[in-house]
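A quick write-up on the structure given underneath.
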Amino acid sequence: QLLGNAGTVEDVVAAAKVGAEGIGLFRTELLFLDSQTEPTIEEQVALYSAVFAAMPGKKIVIRTLDAGSDKPVPYINAIHEENPALGVRGWRLTRTSNDVLNRQLEALAQAKKVSDVDLWVMAPMINTPDEAKDFADRVAKLGMGKAGVMVETPAAALHADHVLAEVDFGSFGTNDLTQYIMASDRLDSRLSDMTTAWHPAVLRAISIAATSAAKLGKPIGVCGEAAANSHLAAVLIGLGVNSLSMAPSAIAEVRGFLSTVDFEMCEKAAQAALAARSSLDSESIAKEILGA
């Protein structure tokens with residue numbers, strides 16, 4: 001599946017226009033970032049309903065609030081953190097702002113009741129099976145649909161056989177996963193050579209989690225920037241990824257490139273990339289196999 005990433009209703013419309021099969025990541029935090037106070041349930045229902053109406057009957061993956069780190073929400077992330085990327089962000093906000101998540105899930109449930117979309121809801125920064133189960137139980141209680149988790153920490157990737165067992169699906173956030181595996185701030189331009197998902201260490205983590213997902217019969221996608229790179233997208237497919245979600249503007253190029261390769265080529269490129277010594281070697285070897 002080739003899906004679109006979105007943060008606004010306009011993004012969803014743009015994805016529909018270029019033939020996206022659905023939305024693989026809707027970033028709900030933009031609504032919170034644009035407000036001086038927490039959006040009311042009614043305001044959230046209005047947004048989610050508009051998103052669902054823009055792509056009726058299609059798969060839409062909603063990510064619950066991912067506030068914190070490089071996306072601080074002042075009225076939620078009120079306490080100074082020395083290292084916010086490793087602090088109280090994403091799912092961890094339930095430690096300090098549990099009602100915020102509960103109200104968001106209630107708003108999503110209300111919007112879903114009057115829509116025919118195929119709703120998938122996922123939580124960011126999940127680390128453990130217990131966290132995954134807690135989230136899945138909340139979604140099931142509201143009768144919303146499929147519950148999933150972002151696989152964006154080394155713990156979630158390496159322990160995916162247990163984490164994914166508690167939910168319906170997973171989705172790789174390759175931006176953060178790369179940052180944490182390489183211990184390199186992805187916002188620091190001085191470390192840009194370290195923050196590439198082409199690195200074999202990152203690909204190995206993805207392979208481990210994708211293999212676990214396959215054994216469990218659970219779909220797992222990619223919604224990070226890596227999905228928009230045509231050659232890397234092919235490698236991700238070879239590693240066992242089931243869906244790719246990207247900026248709508250990248251869908252046509254990725255679709256065109258993938259039409260020139262088959263699964264056997266993707267698998268061969270993936271295995272070669274895994275065995276490479278560096279990100280540069282990984283990328284060049286994969287491109288040679290896939291055709292530059």
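Identifiers for the structure tokens are assigned positionally: chains receive A, B, ... in sequence, residues are indexed from 1 per chain, and ligands are indexed from 1 in the order shown.
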#### Entry: Selection: 8 Å around A:Arg186, only C-alpha atoms, excl. self and same-chain fewer than 4 positions, as a list of chain:residue names
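That gives A:Asn175, A:Asp176, A:Gln179, A:Leu191, A:Ser192, A:Thr195.
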#### Entry: Who sits within 9 Å of stretch 76-80 of chain A, only C-alpha atoms, same chain under 6 positions skipped, as a ChimeraX atom specification
/A:37-38,67-68,88-89,93,96-97,100
Save out the residues we just selected, all heavy atoms, as an mmCIF file, in the first residue's frame.
```
data_model
loop_
_atom_site.group_PDB
_atom_site.id
_atom_site.type_symbol
_atom_site.label_atom_id
_atom_site.label_comp_id
_atom_site.auth_asym_id
_atom_site.auth_seq_id
_atom_site.Cartn_x
_atom_site.Cartn_y
_atom_site.Cartn_z
ATOM 1 N N THR A 37 -4.687 26.684 24.303
ATOM 2 C CA THR A 37 -5.181 25.770 25.331
ATOM 3 C C THR A 37 -5.538 24.454 24.647
ATOM 4 O O THR A 37 -5.639 24.377 23.416
ATOM 5 C CB THR A 37 -6.426 26.332 26.040
ATOM 6 O OG1 THR A 37 -7.446 26.587 25.047
ATOM 7 C CG2 THR A 37 -6.104 27.622 26.771
ATOM 8 N N GLU A 38 -5.764 23.439 25.426
ATOM 9 C CA GLU A 38 -6.115 22.142 24.842
ATOM 10 C C GLU A 38 -7.395 22.250 24.025
ATOM 11 O O GLU A 38 -8.404 22.769 24.506
ATOM 12 C CB GLU A 38 -6.318 21.102 25.951
ATOM 13 C CG GLU A 38 -6.689 19.727 25.416
ATOM 14 C CD GLU A 38 -7.136 18.765 26.512
ATOM 15 O OE1 GLU A 38 -6.864 19.049 27.704
ATOM 16 O OE2 GLU A 38 -7.769 17.739 26.182
ATOM 17 N N ALA A 67 3.185 15.113 21.396
ATOM 18 C CA ALA A 67 3.776 16.350 21.911
ATOM 19 C C ALA A 67 5.063 16.034 22.655
ATOM 20 O O ALA A 67 5.236 14.953 23.213
ATOM 21 C CB ALA A 67 2.796 17.048 22.846
ATOM 22 N N GLY A 68 5.959 17.002 22.643
ATOM 23 C CA GLY A 68 7.229 16.832 23.328
ATOM 24 C C GLY A 68 8.386 16.825 22.356
ATOM 25 O O GLY A 68 8.204 16.854 21.136
ATOM 26 N N VAL A 88 9.421 13.071 28.600
ATOM 27 C CA VAL A 88 7.991 12.770 28.643
ATOM 28 C C VAL A 88 7.363 13.286 27.359
ATOM 29 O O VAL A 88 6.934 14.441 27.256
ATOM 30 C CB VAL A 88 7.339 13.405 29.886
ATOM 31 C CG1 VAL A 88 5.854 13.065 29.938
ATOM 32 C CG2 VAL A 88 8.029 12.910 31.144
ATOM 33 N N ARG A 89 7.312 12.428 26.364
ATOM 34 C CA ARG A 89 6.744 12.779 25.067
ATOM 35 C C ARG A 89 5.902 11.612 24.552
ATOM 36 O O ARG A 89 6.035 10.476 24.997
ATOM 37 C CB ARG A 89 7.855 13.088 24.051
ATOM 38 C CG ARG A 89 8.854 11.967 23.851
ATOM 39 C CD ARG A 89 9.788 12.193 22.672
ATOM 40 N NE ARG A 89 9.035 12.300 21.422
ATOM 41 C CZ ARG A 89 9.587 12.118 20.225
ATOM 42 N NH1 ARG A 89 10.869 11.813 20.112
ATOM 43 N NH2 ARG A 89 8.857 12.218 19.137
ATOM 44 N N LEU A 93 3.126 10.967 27.889
ATOM 45 C CA LEU A 93 2.331 12.059 28.442
ATOM 46 C C LEU A 93 1.214 11.540 29.342
ATOM 47 O O LEU A 93 0.657 12.283 30.147
ATOM 48 C CB LEU A 93 1.727 12.910 27.320
ATOM 49 C CG LEU A 93 2.711 13.769 26.521
ATOM 50 C CD1 LEU A 93 2.017 14.409 25.344
ATOM 51 C CD2 LEU A 93 3.347 14.826 27.417
ATOM 52 N N THR A 96 1.641 12.285 32.964
ATOM 53 C CA THR A 96 1.359 13.616 33.512
ATOM 54 C C THR A 96 0.059 14.232 32.990
ATOM 55 O O THR A 96 -0.489 15.132 33.627
ATOM 56 C CB THR A 96 2.509 14.587 33.174
ATOM 57 O OG1 THR A 96 2.669 14.638 31.749
ATOM 58 C CG2 THR A 96 3.815 14.125 33.803
ATOM 59 N N SER A 97 -0.407 13.767 31.847
ATOM 60 C CA SER A 97 -1.591 14.366 31.215
ATOM 61 C C SER A 97 -2.501 13.278 30.660
ATOM 62 O O SER A 97 -2.897 13.299 29.491
ATOM 63 C CB SER A 97 -1.166 15.321 30.095
ATOM 64 O OG SER A 97 -0.256 16.275 30.563
ATOM 65 N N VAL A 100 -5.737 14.103 28.783
ATOM 66 C CA VAL A 100 -5.608 14.652 27.427
ATOM 67 C C VAL A 100 -5.775 13.534 26.405
ATOM 68 O O VAL A 100 -6.510 13.670 25.418
ATOM 69 C CB VAL A 100 -4.246 15.357 27.243
ATOM 70 C CG1 VAL A 100 -4.066 15.790 25.797
ATOM 71 C CG2 VAL A 100 -4.144 16.555 28.172
#
```
### Query
Could you work out how far atom CA of A:Arg27 lies from atom CA of A:Ala6, giving the answer in Å with one decimal?
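Answer for the atom CA of A:Ala6 to atom CA of A:Arg27 separation: 6.3 Å.
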### Query
Which polymer residues have any atom within 10 Å of an atom of A:Asn102, counting only C-alpha atoms, with same-chain residues fewer than 5 positions away left out, as JSON, numbers by chain?
{"A": [94, 97, 107, 108, 138, 139]}
Store the residues picked out above, limited to all heavy atoms, as a PDB file, in the first residue's frame.
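Dumped everything to out.pdb:
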```
ATOM      1  N   THR A  94       0.878  10.247  29.203  1.00  0.00           N
ATOM      2  CA  THR A  94      -0.152   9.688  30.087  1.00  0.00           C
ATOM      3  C   THR A  94       0.310   9.722  31.540  1.00  0.00           C
ATOM      4  O   THR A  94      -0.504   9.656  32.461  1.00  0.00           O
ATOM      5  CB  THR A  94      -0.500   8.238  29.704  1.00  0.00           C
ATOM      6  OG1 THR A  94       0.695   7.434  29.730  1.00  0.00           O
ATOM      7  CG2 THR A  94      -1.110   8.175  28.324  1.00  0.00           C
ATOM      8  N   SER A  97      -0.407  13.767  31.847  1.00  0.00           N
ATOM      9  CA  SER A  97      -1.591  14.366  31.215  1.00  0.00           C
ATOM     10  C   SER A  97      -2.501  13.278  30.660  1.00  0.00           C
ATOM     11  O   SER A  97      -2.897  13.299  29.491  1.00  0.00           O
ATOM     12  CB  SER A  97      -1.166  15.321  30.095  1.00  0.00           C
ATOM     13  OG  SER A  97      -0.256  16.275  30.563  1.00  0.00           O
ATOM     14  N   ALA A 107     -12.909  11.857  21.363  1.00  0.00           N
ATOM     15  CA  ALA A 107     -13.232  12.654  20.176  1.00  0.00           C
ATOM     16  C   ALA A 107     -13.132  11.809  18.910  1.00  0.00           C
ATOM     17  O   ALA A 107     -13.983  11.896  18.012  1.00  0.00           O
ATOM     18  CB  ALA A 107     -12.298  13.857  20.083  1.00  0.00           C
ATOM     19  N   LEU A 108     -12.107  10.992  18.832  1.00  0.00           N
ATOM     20  CA  LEU A 108     -11.954  10.108  17.670  1.00  0.00           C
ATOM     21  C   LEU A 108     -13.117   9.123  17.579  1.00  0.00           C
ATOM     22  O   LEU A 108     -13.639   8.856  16.488  1.00  0.00           O
ATOM     23  CB  LEU A 108     -10.626   9.351  17.758  1.00  0.00           C
ATOM     24  CG  LEU A 108      -9.382  10.142  17.359  1.00  0.00           C
ATOM     25  CD1 LEU A 108      -8.116   9.410  17.814  1.00  0.00           C
ATOM     26  CD2 LEU A 108      -9.346  10.359  15.847  1.00  0.00           C
ATOM     27  N   ARG A 138      -7.716   0.718  25.709  1.00  0.00           N
ATOM     28  CA  ARG A 138      -8.463   1.979  25.641  1.00  0.00           C
ATOM     29  C   ARG A 138      -9.210   2.099  24.307  1.00  0.00           C
ATOM     30  O   ARG A 138     -10.362   2.540  24.261  1.00  0.00           O
ATOM     31  CB  ARG A 138      -7.516   3.165  25.811  1.00  0.00           C
ATOM     32  CG  ARG A 138      -6.830   3.237  27.162  1.00  0.00           C
ATOM     33  CD  ARG A 138      -5.933   4.452  27.254  1.00  0.00           C
ATOM     34  NE  ARG A 138      -5.046   4.402  28.411  1.00  0.00           N
ATOM     35  CZ  ARG A 138      -4.744   5.445  29.181  1.00  0.00           C
ATOM     36  NH1 ARG A 138      -5.274   6.630  28.920  1.00  0.00           N
ATOM     37  NH2 ARG A 138      -3.916   5.323  30.198  1.00  0.00           N
ATOM     38  N   VAL A 139      -8.536   1.726  23.230  1.00  0.00           N
ATOM     39  CA  VAL A 139      -9.165   1.801  21.907  1.00  0.00           C
ATOM     40  C   VAL A 139     -10.323   0.810  21.814  1.00  0.00           C
ATOM     41  O   VAL A 139     -11.409   1.132  21.310  1.00  0.00           O
ATOM     42  CB  VAL A 139      -8.122   1.529  20.805  1.00  0.00           C
ATOM     43  CG1 VAL A 139      -8.795   1.411  19.431  1.00  0.00           C
ATOM     44  CG2 VAL A 139      -7.072   2.645  20.783  1.00  0.00           C
TER      45      VAL A 139
END
```
### Query
Got a sec to tell me which of stretch 14-71 of chain A DSSP assigns to helix (DSSP H, G or I), as an MDAnalysis selection string?
chainID A and resid 14:17 29:33 41:54
### Task
Pick out the residues sitting within 12 Å of A:Val9, and hand them over as a list in words; count only C-alpha atoms, and ignore anything fewer than 6 positions along from it in its own chain.
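Listing them by chain and then by number gives Ala15, Ala16, Ile23, Phe26, Arg27, Thr28, Leu30, Leu31, Ala46, Leu47, Tyr48, Ser49, Ala50, Val51, Phe52, Ala53, Ala54 and Met55 of chain A.
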### Query
How many Å lie between atom CA of A:Asp262 and atom CA of A:Ala209, rounded to one decimal?
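Between these atoms lies a distance of 22.4 Å.
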### Contacts of A:Ala273 within 12 Å, only C-alpha atoms, excl. fewer than 2 positions in-chain, as a PyMOL selection string
chain A and resi 197-204+207+231-232+234-236+238-239+266-271+275-290
Mind dumping the selected residues with C-alpha atoms as an mmCIF file, in the first residue's frame?
```
data_model
loop_
_atom_site.group_PDB
_atom_site.id
_atom_site.type_symbol
_atom_site.label_atom_id
_atom_site.label_comp_id
_atom_site.auth_asym_id
_atom_site.auth_seq_id
_atom_site.Cartn_x
_atom_site.Cartn_y
_atom_site.Cartn_z
ATOM 1 C CA ALA A 197 17.887 5.155 7.658
ATOM 2 C CA TRP A 198 20.306 3.613 5.143
ATOM 3 C CA HIS A 199 22.611 2.704 8.022
ATOM 4 C CA PRO A 200 22.773 -1.107 8.388
ATOM 5 C CA ALA A 201 22.144 -0.833 12.134
ATOM 6 C CA VAL A 202 18.826 0.904 11.480
ATOM 7 C CA LEU A 203 17.903 -1.586 8.780
ATOM 8 C CA ARG A 204 18.708 -4.468 11.125
ATOM 9 C CA SER A 207 14.294 -6.289 9.903
ATOM 10 C CA HIS A 231 15.320 2.909 -3.546
ATOM 11 C CA LEU A 232 15.034 2.764 0.233
ATOM 12 C CA ALA A 234 12.183 -1.010 -2.195
ATOM 13 C CA VAL A 235 14.651 -2.138 0.479
ATOM 14 C CA LEU A 236 11.996 -1.681 3.171
ATOM 15 C CA GLY A 238 12.377 -6.462 0.968
ATOM 16 C CA LEU A 239 12.692 -6.357 4.751
ATOM 17 C CA CYS A 266 13.716 -5.967 -3.217
ATOM 18 C CA GLU A 267 14.687 -8.913 -1.025
ATOM 19 C CA LYS A 268 18.107 -9.191 -2.638
ATOM 20 C CA ALA A 269 18.762 -5.475 -2.170
ATOM 21 C CA ALA A 270 17.559 -5.644 1.426
ATOM 22 C CA GLN A 271 19.856 -8.515 2.345
ATOM 23 C CA ALA A 275 25.285 -6.907 5.302
ATOM 24 C CA ALA A 276 26.925 -3.609 4.336
ATOM 25 C CA ARG A 277 29.585 -1.888 6.434
ATOM 26 C CA SER A 278 28.231 1.657 6.252
ATOM 27 C CA SER A 279 25.239 3.697 5.139
ATOM 28 C CA LEU A 280 27.091 4.749 1.981
ATOM 29 C CA ASP A 281 27.875 1.133 1.109
ATOM 30 C CA SER A 282 24.327 0.073 1.947
ATOM 31 C CA GLU A 283 22.819 2.663 -0.389
ATOM 32 C CA SER A 284 25.231 2.141 -3.284
ATOM 33 C CA ILE A 285 24.930 -1.670 -3.205
ATOM 34 C CA ALA A 286 21.125 -1.517 -3.067
ATOM 35 C CA LYS A 287 20.966 0.948 -5.933
ATOM 36 C CA GLU A 288 23.224 -1.246 -8.038
ATOM 37 C CA ILE A 289 20.891 -4.211 -7.516
ATOM 38 C CA LEU A 290 17.687 -2.216 -8.031
#
```
### Query
atom CA of A:Thr128 to atom CA of A:Gly143: how many Å, to one decimal?
23.0 Å
### Message
At a cut-off of 12 Å, using only C-alpha atoms, what residues contact A:Ala250? Leave out same-chain residues fewer than 6 positions from it and give the result as a PyMOL selection string.
### Response
chain A and resi 2-5+14-15+18-20+225-230+233+244+256-257
#### Entry: Backbone-only DSSP, strand (DSSP E or B) members of stretch 2-87 of chain A, as JSON, numbers by chain
{"A": [2, 3, 4, 5, 6, 22, 23, 24, 25, 26, 27, 59, 60, 61, 62, 63, 68, 71]}
Could you write those residues out with all heavy atoms, as a short mmCIF file (atom, residue, chain, number, x, y, z; two decimals), in the first residue's frame?
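Full text of out34.cif as output:
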```cif
data_model
loop_
_atom_site.label_atom_id
_atom_site.label_comp_id
_atom_site.auth_asym_id
_atom_site.auth_seq_id
_atom_site.Cartn_x
_atom_site.Cartn_y
_atom_site.Cartn_z
N LEU A 2 0.50 2.22 -0.81
CA LEU A 2 1.14 3.52 -0.82
C LEU A 2 0.15 4.53 -0.25
O LEU A 2 -0.91 4.77 -0.82
CB LEU A 2 1.57 3.93 -2.23
CG LEU A 2 2.64 3.06 -2.88
CD1 LEU A 2 3.05 3.64 -4.23
CD2 LEU A 2 3.86 2.93 -1.98
N LEU A 3 0.50 5.08 0.90
CA LEU A 3 -0.38 5.94 1.65
C LEU A 3 0.23 7.33 1.81
O LEU A 3 1.41 7.52 1.52
CB LEU A 3 -0.64 5.33 3.04
CG LEU A 3 -1.09 3.86 3.05
CD1 LEU A 3 -0.96 3.27 4.45
CD2 LEU A 3 -2.52 3.73 2.56
N GLY A 4 -0.57 8.27 2.28
CA GLY A 4 -0.08 9.64 2.44
C GLY A 4 0.09 10.02 3.90
O GLY A 4 -0.67 9.60 4.76
N ASN A 5 1.11 10.84 4.16
CA ASN A 5 1.26 11.47 5.47
C ASN A 5 0.51 12.81 5.44
O ASN A 5 0.52 13.50 4.42
CB ASN A 5 2.73 11.73 5.79
CG ASN A 5 3.49 10.45 6.09
OD1 ASN A 5 2.90 9.40 6.32
ND2 ASN A 5 4.81 10.55 6.10
N ALA A 6 -0.10 13.16 6.55
CA ALA A 6 -0.88 14.39 6.58
C ALA A 6 -0.93 14.98 7.98
O ALA A 6 -0.75 14.27 8.97
CB ALA A 6 -2.31 14.13 6.09
N GLY A 22 -4.89 5.67 0.98
CA GLY A 22 -5.37 6.03 2.30
C GLY A 22 -4.37 6.96 2.96
O GLY A 22 -3.45 7.46 2.31
N ILE A 23 -4.54 7.18 4.25
CA ILE A 23 -3.61 7.99 5.03
C ILE A 23 -2.89 7.07 6.01
O ILE A 23 -3.52 6.39 6.82
CB ILE A 23 -4.33 9.11 5.80
CG1 ILE A 23 -5.00 10.08 4.82
CG2 ILE A 23 -3.36 9.85 6.70
CD1 ILE A 23 -4.03 10.81 3.89
N GLY A 24 -1.57 7.03 5.90
CA GLY A 24 -0.79 6.15 6.78
C GLY A 24 -0.31 6.83 8.04
O GLY A 24 0.18 6.17 8.96
N LEU A 25 -0.43 8.15 8.09
CA LEU A 25 -0.06 8.91 9.29
C LEU A 25 -0.78 10.24 9.26
O LEU A 25 -0.52 11.08 8.38
CB LEU A 25 1.45 9.16 9.33
CG LEU A 25 1.93 10.16 10.39
CD1 LEU A 25 1.66 9.64 11.79
CD2 LEU A 25 3.41 10.48 10.21
N PHE A 26 -1.69 10.43 10.20
CA PHE A 26 -2.27 11.76 10.39
C PHE A 26 -1.75 12.27 11.72
O PHE A 26 -2.01 11.69 12.78
CB PHE A 26 -3.80 11.75 10.39
CG PHE A 26 -4.36 13.14 10.42
CD1 PHE A 26 -4.48 13.88 9.25
CD2 PHE A 26 -4.71 13.74 11.64
CE1 PHE A 26 -4.96 15.19 9.27
CE2 PHE A 26 -5.18 15.05 11.67
CZ PHE A 26 -5.30 15.78 10.49
N ARG A 27 -1.02 13.39 11.65
CA ARG A 27 -0.36 13.96 12.83
C ARG A 27 -1.35 14.87 13.58
O ARG A 27 -1.55 16.02 13.20
CB ARG A 27 0.86 14.77 12.41
CG ARG A 27 1.88 13.99 11.59
CD ARG A 27 3.04 14.91 11.21
NE ARG A 27 4.04 14.25 10.41
CZ ARG A 27 4.06 14.25 9.08
NH1 ARG A 27 3.09 14.88 8.41
NH2 ARG A 27 5.02 13.64 8.43
N LYS A 59 -8.63 3.65 4.30
CA LYS A 59 -7.86 3.43 5.52
C LYS A 59 -7.24 4.76 5.97
O LYS A 59 -6.58 5.45 5.19
CB LYS A 59 -6.75 2.41 5.24
CG LYS A 59 -5.73 2.24 6.36
CD LYS A 59 -4.66 1.24 5.93
CE LYS A 59 -3.57 1.09 6.96
NZ LYS A 59 -2.53 0.10 6.55
N ILE A 60 -7.47 5.11 7.23
CA ILE A 60 -6.85 6.31 7.80
C ILE A 60 -6.22 5.94 9.14
O ILE A 60 -6.91 5.45 10.04
CB ILE A 60 -7.87 7.44 7.98
CG1 ILE A 60 -8.36 7.93 6.61
CG2 ILE A 60 -7.25 8.60 8.76
CD1 ILE A 60 -9.27 9.14 6.66
N VAL A 61 -4.92 6.15 9.22
CA VAL A 61 -4.18 5.86 10.45
C VAL A 61 -3.96 7.17 11.20
O VAL A 61 -3.27 8.06 10.71
CB VAL A 61 -2.82 5.20 10.14
CG1 VAL A 61 -2.11 4.84 11.44
CG2 VAL A 61 -3.00 3.95 9.28
N ILE A 62 -4.56 7.26 12.35
CA ILE A 62 -4.45 8.45 13.19
C ILE A 62 -3.41 8.20 14.28
O ILE A 62 -3.49 7.19 15.00
CB ILE A 62 -5.79 8.78 13.87
CG1 ILE A 62 -6.87 9.10 12.83
CG2 ILE A 62 -5.62 9.92 14.87
CD1 ILE A 62 -6.78 10.47 12.22
N ARG A 63 -2.44 9.10 14.38
CA ARG A 63 -1.48 9.00 15.49
C ARG A 63 -1.96 9.90 16.62
O ARG A 63 -2.22 11.09 16.41
CB ARG A 63 -0.09 9.43 15.04
CG ARG A 63 0.97 9.31 16.16
CD ARG A 63 2.36 9.65 15.65
NE ARG A 63 2.50 11.06 15.32
CZ ARG A 63 3.56 11.58 14.70
NH1 ARG A 63 4.55 10.79 14.32
NH2 ARG A 63 3.63 12.87 14.44
N GLY A 68 5.96 17.00 22.64
CA GLY A 68 7.23 16.83 23.33
C GLY A 68 8.39 16.83 22.36
O GLY A 68 8.20 16.85 21.14
N LYS A 71 8.44 19.07 19.34
CA LYS A 71 7.07 19.57 19.16
C LYS A 71 6.46 19.87 20.53
O LYS A 71 5.43 19.29 20.90
CB LYS A 71 6.23 18.53 18.41
CG LYS A 71 6.72 18.21 17.02
CD LYS A 71 5.82 17.22 16.33
CE LYS A 71 5.93 15.83 16.90
NZ LYS A 71 6.95 15.00 16.34
#
```
### Query
When distances are computed from only C-alpha atoms, which of A:Gln104, A:Gln110, A:Thr153, A:Gln36 shows the smallest separation from A:Ile206?
A:Thr153
### Query
Which polymer residues have any atom within 10 Å of an atom of A:Ala109, counting only C-alpha atoms, with same-chain residues fewer than 3 positions away left out, as a ChimeraX atom specification?
/A:45,48,103-106,112-114,119,139,142-145
### Task
Counting only C-alpha atoms, figure out which residue out of A:Phe32, A:Phe135, A:Tyr180, A:Phe263 gets nearest to A:Ile237.
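That would be A:Phe263, the residue with the smallest distance to A:Ile237.
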Kindly provide the residues of stretch 73-188 of chain A that approach stretch 212-221 of chain A to within 9 Å, each paired with its closest atom pair and their distance in Å to one decimal, based on only C-alpha atoms, listed by chain and increasing number, as a tab-separated table.
```
residue	atom	partner	partner_atom	distance
A:His159	CA	A:Ser212	CA	8.8
A:Ala160	CA	A:Ser212	CA	6.1
A:Asp161	CA	A:Ser212	CA	5.0
A:His162	CA	A:Ser212	CA	8.6
A:Leu164	CA	A:Ala213	CA	6.7
A:Ala165	CA	A:Leu216	CA	6.8
A:Val167	CA	A:Lys218	CA	8.4
A:Asp168	CA	A:Lys218	CA	6.1
A:Phe169	CA	A:Pro219	CA	5.2
A:Gly170	CA	A:Ile220	CA	4.6
A:Ser171	CA	A:Gly221	CA	4.6
A:Phe172	CA	A:Gly221	CA	6.1
```
### Query
For A:Asp66, which residue out of A:Ala252, A:Lys141, A:Met150, A:Ser35 is the nearest one, using only C-alpha atoms?
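Among the listed residues, A:Met150 lies closest to A:Asp66.
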### Using only C-alpha atoms: which of A:Thr40, A:Leu177, A:Asp137, A:Val151 has the shortest distance to A:Asp99
A:Thr40
